[in-house]
file upload.txt (compact mmCIF, C-alpha atoms)
# COMPACT_ATOMS: atom_id res chain seq x y z
CA TYR L 1 20.69 13.35 -12.26
CA PHE L 2 18.94 14.82 -9.22
CA ALA L 3 19.43 18.36 -10.50
CA ALA L 4 17.61 17.37 -13.66
CA ARG L 5 14.85 15.71 -11.67
CA ARG L 6 14.44 18.82 -9.51
CA HIS L 7 14.24 21.05 -12.55
CA ILE L 8 11.55 18.88 -14.15
CA LEU L 9 9.49 18.74 -10.98
CA THR L 10 9.70 22.50 -10.52
CA ARG L 11 8.67 23.16 -14.09
CA MET L 12 5.87 20.57 -14.21
CA ALA L 13 4.25 20.98 -10.81
CA GLY L 14 5.35 24.27 -9.31
CA LEU L 15 7.77 23.53 -6.50
CA SER L 16 6.39 24.51 -3.10
CA PRO L 17 8.58 25.27 -0.06
CA LEU L 18 7.05 22.24 1.66
CA VAL L 19 8.12 19.84 -1.10
CA ALA L 20 11.53 21.50 -1.35
CA GLY L 21 12.05 21.05 2.38
CA VAL L 22 11.20 17.36 2.26
CA ARG L 23 13.39 16.85 -0.79
CA ASN L 24 16.38 18.49 0.89
CA PHE L 25 15.90 16.38 4.00
CA VAL L 26 15.64 13.15 2.02
CA GLU L 27 18.71 13.89 -0.11
CA GLN L 28 20.76 14.79 2.96
CA HIS L 29 19.77 11.77 5.04
CA VAL L 30 19.52 8.82 2.64
CA PRO L 31 22.86 7.02 3.03
CA GLU L 32 25.45 7.26 0.29
CA GLY L 33 25.29 4.18 -1.91
CA ASP L 34 21.54 3.73 -1.57
CA GLY L 35 19.76 4.32 -4.85
CA LEU L 36 17.62 7.44 -4.53
CA GLU L 37 15.09 8.41 -7.20
CA GLU L 38 12.61 11.25 -7.38
CA ARG L 39 9.44 11.11 -9.45
CA GLN L 40 6.18 12.93 -9.91
CA MET L 41 3.49 10.24 -9.72
CA PHE L 42 -0.08 9.86 -8.43
CA GLY L 43 -0.27 13.63 -7.89
CA MET L 44 2.68 13.49 -5.49
CA ALA L 45 6.37 14.22 -5.36
CA MET L 46 7.61 10.70 -4.58
CA TRP L 47 10.98 9.32 -3.52
CA LEU L 48 12.17 5.75 -3.98
CA VAL L 49 15.08 4.30 -2.01
CA ARG L 50 16.85 1.14 -3.21
CA GLY L 51 14.13 0.87 -5.87
CA ASN L 52 11.27 0.73 -3.35
CA MET L 53 8.64 3.38 -2.77
CA PHE L 54 9.77 5.31 0.32
CA LEU L 55 7.76 8.48 0.97
CA GLY L 56 6.00 11.27 -0.90
CA VAL L 57 4.25 14.61 -0.52
CA GLY L 58 0.90 15.48 -2.11
CA LEU L 59 1.42 18.34 -4.56
CA ARG L 60 -2.03 19.73 -3.71
CA SER L 61 -2.89 18.29 -0.32
CA GLY L 62 0.56 18.81 1.19
CA ARG L 63 0.25 15.54 3.15
CA LEU L 64 3.10 13.13 3.69
CA LEU L 65 2.73 9.51 2.54
CA LEU L 66 4.97 7.01 4.31
CA ARG L 67 5.54 3.35 3.56
CA VAL L 68 6.17 1.90 7.02
CA GLY L 69 5.01 -1.74 6.86
CA GLU L 70 1.70 -3.09 8.10
CA GLU L 71 3.27 -4.53 11.24
CA ASN L 72 4.24 -0.99 12.33
CA VAL L 73 1.09 0.98 11.49
CA GLU L 74 -0.86 0.49 14.73
CA GLY L 75 2.14 1.41 16.86
CA ILE L 76 2.66 4.60 14.87
CA LEU L 77 -1.02 5.56 15.16
CA GLU L 78 -0.90 5.00 18.92
CA ALA L 79 2.26 7.09 19.28
CA HIS L 80 0.86 9.89 17.08
CA PRO L 81 -2.89 10.16 17.74
CA LEU L 82 -3.30 13.54 16.02
CA GLY L 83 -2.80 14.35 12.35
CA VAL L 84 -1.89 10.79 11.30
CA GLU L 85 -4.10 8.14 9.70
CA ARG L 86 -3.94 5.10 7.51
CA CYS L 87 -3.67 5.97 3.83
CA GLY L 88 -7.15 5.81 2.31
CA ALA L 89 -8.98 6.01 5.64
CA ALA L 90 -11.02 9.02 4.50
CA SER L 91 -12.34 7.17 1.43
CA GLY L 92 -12.78 3.79 3.13
CA ARG L 93 -10.11 2.16 0.94
CA VAL L 94 -7.31 1.50 3.39
CA PHE L 95 -3.94 0.46 1.97
CA PRO L 96 -1.83 -1.81 4.19
CA GLY L 97 1.52 -0.62 5.44
CA THR L 98 1.07 3.07 4.66
CA VAL L 99 0.14 6.18 6.65
CA MET L 100 -0.66 9.80 5.83
CA VAL L 101 0.64 12.69 7.96
CA ASP L 102 -0.78 16.23 8.03
CA GLN L 103 1.83 18.83 7.16
CA GLU L 104 1.86 20.59 10.54
CA HIS L 105 3.28 17.36 11.97
CA PHE L 106 6.24 17.00 9.61
CA ARG L 107 7.13 20.53 8.43
CA GLY L 108 10.75 21.29 9.27
CA ASP L 109 13.73 19.02 9.89
CA THR L 110 12.99 18.38 13.57
CA LEU L 111 9.45 17.12 12.91
CA MET L 112 10.46 15.32 9.71
CA ALA L 113 13.20 13.22 11.34
CA PRO L 114 11.05 10.58 13.10
CA TRP L 115 8.87 10.03 10.01
CA PHE L 116 11.96 9.55 7.88
CA ASP L 117 13.25 7.02 10.43
CA TYR L 118 9.98 5.04 10.30
CA ALA L 119 10.17 4.80 6.51
CA MET L 120 13.89 3.98 6.48
CA ALA L 121 13.52 1.23 9.10
CA HIS L 122 10.91 -0.49 6.91
CA ASN L 123 12.89 0.11 3.72
CA ARG L 124 15.76 -1.85 5.24
CA THR L 125 13.53 -4.92 5.46
CA LEU L 126 12.83 -4.89 1.70
CA CYS L 127 14.90 -6.38 -1.07
CA SER L 128 16.73 -3.85 -3.20
CA LYS L 129 15.26 -3.51 -6.68
CA ALA L 130 16.84 -2.56 -9.99
CA SER L 131 17.25 1.12 -10.68
CA ALA L 132 14.25 2.75 -12.28
CA GLU L 133 16.59 4.73 -14.54
CA LYS L 134 16.59 1.71 -16.84
CA PRO L 135 14.00 1.83 -19.66
CA ARG L 136 10.65 0.32 -18.83
CA LYS L 137 8.07 -1.16 -21.15
CA LYS L 138 5.26 0.18 -19.00
CA ARG L 139 5.05 2.98 -16.48
CA PRO L 140 2.31 3.51 -13.87
CA ARG L 141 -0.46 5.70 -15.18
CA GLU L 142 -0.20 9.04 -13.44
CA ALA L 143 -3.32 10.40 -11.78
CA PRO L 144 -3.89 14.11 -12.62
CA PRO L 145 -3.30 16.54 -9.76
CA ALA L 146 -6.49 17.63 -8.06
CA ALA L 147 -7.80 21.13 -8.60
CA ASP L 148 -7.62 23.52 -5.64
CA GLY L 149 -10.24 22.50 -3.11
CA ASP L 150 -10.98 19.23 -4.86
CA VAL L 151 -10.91 17.00 -1.80
CA ALA L 152 -12.22 13.95 -3.64
CA GLY L 153 -9.48 14.31 -6.24
CA GLU L 154 -6.80 14.58 -3.56
CA GLU L 155 -8.14 11.44 -1.87
CA ALA L 156 -8.06 9.61 -5.19
CA THR L 157 -4.42 10.48 -5.91
CA GLU L 158 -3.39 9.60 -2.36
CA ALA L 159 -5.26 6.31 -2.65
CA ALA L 160 -3.48 5.50 -5.90
CA ALA L 161 -0.13 6.18 -4.25
CA GLY L 162 -1.12 4.11 -1.24
CA GLU L 163 -2.15 1.20 -3.43
CA ALA L 164 1.18 1.32 -5.24
CA ALA L 165 3.09 1.49 -1.96
CA ALA L 166 1.12 -1.33 -0.41
CA GLY L 167 1.70 -3.50 -3.46
CA ALA L 168 5.28 -2.56 -4.24
CA GLY L 169 8.27 -4.70 -3.36
CA THR L 170 10.02 -7.91 -4.34
CA ALA L 171 8.26 -11.17 -3.47
CA ARG L 172 9.59 -12.95 -0.40
CA PRO L 173 10.56 -16.63 -0.49
CA ARG L 174 7.69 -19.06 0.10
CA PRO L 175 8.27 -21.92 2.55
CA SER L 176 9.37 -25.09 0.76
CA SER L 177 6.39 -26.97 2.21
CA THR L 178 2.78 -25.84 2.04
CA THR L 179 1.62 -28.19 4.76
CA GLY L 180 3.08 -26.47 7.81
CA GLY L 181 2.45 -23.38 9.84
CA ALA L 182 4.97 -21.30 7.90
CA PHE L 183 2.82 -21.39 4.76
CA ALA L 184 -0.30 -20.70 6.82
CA ARG L 185 1.37 -17.51 8.03
CA CYS L 186 1.97 -16.53 4.39
CA VAL L 187 -1.72 -17.02 3.62
CA LEU L 188 -2.71 -15.03 6.70
CA ASP L 189 -0.38 -12.20 5.66
CA VAL L 190 -2.02 -12.05 2.21
CA ILE L 191 -5.52 -11.97 3.71
CA ARG L 192 -4.53 -9.12 6.00
CA ARG L 193 -3.41 -7.14 2.94
CA ILE L 194 -6.79 -7.29 1.16
CA PRO L 195 -7.97 -3.67 1.19
CA ARG L 196 -11.19 -2.66 2.88
CA GLY L 197 -14.04 -2.74 0.37
CA ARG L 198 -12.30 -5.30 -1.87
CA VAL L 199 -12.56 -9.08 -2.14
CA ALA L 200 -10.18 -11.81 -3.28
CA ALA L 201 -10.85 -15.36 -4.44
CA TYR L 202 -9.44 -18.39 -2.63
CA GLY L 203 -7.27 -19.14 -5.66
CA GLN L 204 -6.02 -15.56 -5.80
CA VAL L 205 -5.00 -15.67 -2.14
CA ALA L 206 -3.19 -18.96 -2.77
CA ALA L 207 -1.37 -17.51 -5.78
CA LEU L 208 -0.34 -14.36 -3.88
CA ALA L 209 1.00 -16.64 -1.13
CA GLY L 210 3.10 -18.46 -3.72
CA ALA L 211 1.00 -21.60 -4.26
CA PRO L 212 -1.50 -20.97 -7.10
CA ARG L 213 -2.82 -24.55 -7.05
CA ASN L 214 -3.76 -24.49 -3.36
CA ALA L 215 -7.12 -22.71 -3.45
CA ARG L 216 -8.85 -25.57 -1.60
CA GLN L 217 -6.19 -25.48 1.08
CA VAL L 218 -6.86 -21.77 1.65
CA GLY L 219 -10.55 -22.52 2.08
CA HIS L 220 -9.73 -25.27 4.54
CA MET L 221 -7.46 -22.96 6.54
CA LEU L 222 -10.24 -20.40 6.84
CA LYS L 223 -12.69 -23.09 7.91
CA GLU L 224 -10.23 -24.20 10.60
CA GLY L 225 -10.04 -20.69 12.07
CA LEU L 226 -6.96 -19.19 10.43
CA CYS L 227 -8.41 -15.67 10.85
CA ALA L 228 -9.64 -16.13 14.41
CA GLY L 229 -7.28 -13.37 15.52
CA GLY L 230 -9.19 -10.73 13.59
CA ALA L 231 -7.89 -10.89 10.00
CA PRO L 232 -10.59 -10.01 7.40
CA TRP L 233 -11.77 -13.52 6.54
CA HIS L 234 -14.96 -12.07 5.07
CA ARG L 235 -13.02 -10.57 2.13
CA VAL L 236 -12.24 -14.01 0.68
CA LEU L 237 -14.84 -15.44 -1.72
CA GLY L 238 -15.19 -18.12 -4.36
CA ALA L 239 -13.81 -17.66 -7.87
CA SER L 240 -17.27 -16.64 -9.12
CA GLY L 241 -17.32 -13.70 -6.72
CA LYS L 242 -20.06 -15.31 -4.65
CA ILE L 243 -20.16 -16.16 -0.96
CA SER L 244 -19.55 -19.90 -0.65
CA LEU L 245 -20.66 -20.28 2.97
CA PRO L 246 -24.28 -21.24 3.71
CA ALA L 247 -26.39 -18.37 5.01
CA SER L 248 -26.71 -19.87 8.49
CA GLY L 249 -23.06 -20.96 8.55
CA GLY L 250 -21.49 -17.52 8.26
CA GLY L 251 -22.68 -16.46 4.81
CA ASP L 252 -25.14 -13.85 6.07
CA GLU L 253 -22.51 -12.41 8.42
CA GLN L 254 -19.95 -12.32 5.61
CA ARG L 255 -22.32 -10.41 3.36
CA ARG L 256 -23.21 -8.02 6.18
CA GLN L 257 -19.57 -7.19 6.82
CA LEU L 258 -18.81 -6.71 3.13
CA GLU L 259 -21.81 -4.45 2.59
CA ALA L 260 -20.73 -2.41 5.63
CA GLU L 261 -17.45 -1.81 3.76
CA GLY L 262 -19.29 -0.64 0.64
CA VAL L 263 -19.16 -3.85 -1.40
CA VAL L 264 -22.10 -4.09 -3.82
CA PHE L 265 -23.69 -7.43 -4.67
CA GLN L 266 -25.28 -7.99 -8.06
CA GLU L 267 -28.45 -9.89 -8.75
CA GLY L 268 -27.46 -13.52 -8.51
CA GLY L 269 -25.18 -13.02 -5.53
CA ALA L 270 -21.83 -12.12 -7.09
CA VAL L 271 -20.01 -8.96 -6.04
CA ALA L 272 -19.81 -6.10 -8.50
CA LYS L 273 -16.74 -6.14 -10.73
CA GLY L 274 -15.23 -3.07 -9.09
CA ALA L 275 -15.06 -4.85 -5.73
CA ARG L 276 -12.48 -7.39 -6.87
CA TRP L 277 -8.91 -6.85 -5.66
CA GLU L 278 -6.77 -6.50 -8.79
CA ARG L 279 -3.50 -7.55 -7.16
CA SER L 280 -1.71 -10.20 -9.25
CA GLU L 281 1.99 -9.86 -8.32
CA PRO L 282 2.68 -12.46 -5.61
CA PHE L 283 3.88 -11.48 -2.15
CA TYR L 284 5.62 -14.87 -1.90
CA ALA L 285 7.26 -16.95 -4.61

call {"tool": "encode", "arguments": {"input": "upload.txt", "output": "C-alpha cells"}}
result
Amino acid sequence: YFAARRHILTRMAGLSPLVAGVRNFVEQHVPEGDGLEERQMFGMAMWLVRGNMFLGVGLRSGRLLLRVGEENVEGILEAHPLGVERCGAASGRVFPGTVMVDQEHFRGDTLMAPWFDYAMAHNRTLCSKASAEKPRKKRPREAPPAADGDVAGEEATEAAAGEAAAGAGTARPRPSSTTGGAFARCVLDVIRRIPRGRVAAYGQVAALAGAPRNARQVGHMLKEGLCAGGAPWHRVLGASGKISLPASGGGDEQRRQLEAEGVVFQEGGAVAKGARWERSEPFYA
C-alpha cells in the first residue's frame, strides 16, 4: 500500500529529498498497529495517523505543518521562537491547534524528532477514525500547487491544510447537562476555535458545542463574562450577521475589533458573506 502511495506521489508531484526524508521518518516512527496513510492534498504531502490529520510538508514551500492541539500552541511558540508560527499567521487567517515550521528547523532526523513527538502526543488524545482506504462519497477538493515564487498561492494551500487540520477529528461527548460549568467550557472551547477574520452566530456556536437549541444560552454566557479571560467574544454575532450589542454597550468595540481582523461590513450592518465561519461539524455531540 505505502509503496503504491509513494510511487503516485513521486509521479504526481516530483518527490523532493525533503519530503522523502520526512516520509521515511514518519514510516519508521509511527507505532506498528496505528493506521498510517499518505496523501497529496492542499498542495502538501500529508500523513494521517489513526485516521486523523497528523503532519504534512508543503510541496512548494517546504514548510512543515503540525497538528498539535490549541492547548499546546503557545508553549511550542515560546520554546521555539525562531522559524515557527501559527498556521495562517502570514495571511491573518489563523487556524487553531496547528503550527508551521521552516525547513531549516526540521530537516534531518535529529531536528525532526521533537516535532514528530508534539504531533504524536496530540494524536493520542484524539479518537481513532475509520481508515480512509474505504470508498468515500466526497473527497476534499485539492488546492493546486503554487507556482514557483507564488507566495500567495503557498499561503492559500497552507491555510486550506490548516483549516482541515483545525476542523478534523471526531466530536467529543457533550456534558449531559447544559446548565453547569462543564457545558460552558464546551462553549468557550468553540469560541476559541473561531478563526481570526471569521464570525459565528450564537446558534452556530451552540450547535458546535452540541446543543443546537441553546443559542440564547450562549448569548447569556457571553453577557455574563464567559470570555473575560481573553477568548474572542467579538467573533460571535446574531444569526443575521449583525452586531446585536448596542453601540455604547460594546457594539462599537466589537465592530472595531472585527474590522481590525479584516472583516467587512455591508450596508445595513451585516458582515460580508465571506466572513462567516463555515464550520458545521460539531466539536461536541

call {"tool": "closest_residue", "arguments": {"input": "upload.txt", "among": "L:Arg86, L:Lys129, L:Arg107, L:Arg198", "to": "Gly21 (chain L)", "atoms": "only C-alpha atoms"}}
result
L:Arg107

call {"tool": "closest_residue", "arguments": {"input": "upload.txt", "among": "L:Met44, L:Val236, L:Ala79, L:Ala182", "to": "Val271 (chain L)", "atoms": "only C-alpha atoms"}}
result
L:Val236

call {"tool": "closest_residue", "arguments": {"input": "upload.txt", "among": "L:Ala201, L:Ala45, L:Leu188, L:Met100", "to": "Ala228 (chain L)", "atoms": "all atoms listed in the file"}}
result
L:Leu188

call {"tool": "axis_aligned_box", "arguments": {"input": "upload.txt", "around": "region 14-24 of chain L", "padding_each_side": "5 Å", "output": "JSON"}}
result
{"center_x": 10.9, "center_y": 21.1, "center_z": -3.5, "size_x": 21.0, "size_y": 18.4, "size_z": 21.7}

call {"tool": "atom_distance", "arguments": {"input": "upload.txt", "atom1": "CA of Gly51 (chain L)", "atom2": "CA of Ser128 (chain L)"}}
result
6.0 Å

call {"tool": "residues_around", "arguments": {"input": "upload.txt", "residues": "Phe116 (chain L)", "least_positions_apart": "3", "cutoff": "9 Å", "atoms": "all atoms listed in the file", "output": "NGL selection string"}}
result
:L and (25-26 or 29 or 54-55 or 66 or 112-113 or 119-121)

call {"tool": "atom_distance", "arguments": {"input": "upload.txt", "atom1": "CA of Met221 (chain L)", "atom2": "CA of Leu245 (chain L)"}}
result
13.9 Å

call {"tool": "atom_distance", "arguments": {"input": "upload.txt", "atom1": "CA of Gly229 (chain L)", "atom2": "CA of Asn123 (chain L)"}}
result
27.0 Å

call {"tool": "residues_around", "arguments": {"input": "upload.txt", "residues": "Glu70 (chain L)", "least_positions_apart": "5", "cutoff": "9 Å", "atoms": "only C-alpha atoms", "output": "MDAnalysis selection string"}}
result
chainID L and resid 96:98 166 192:193
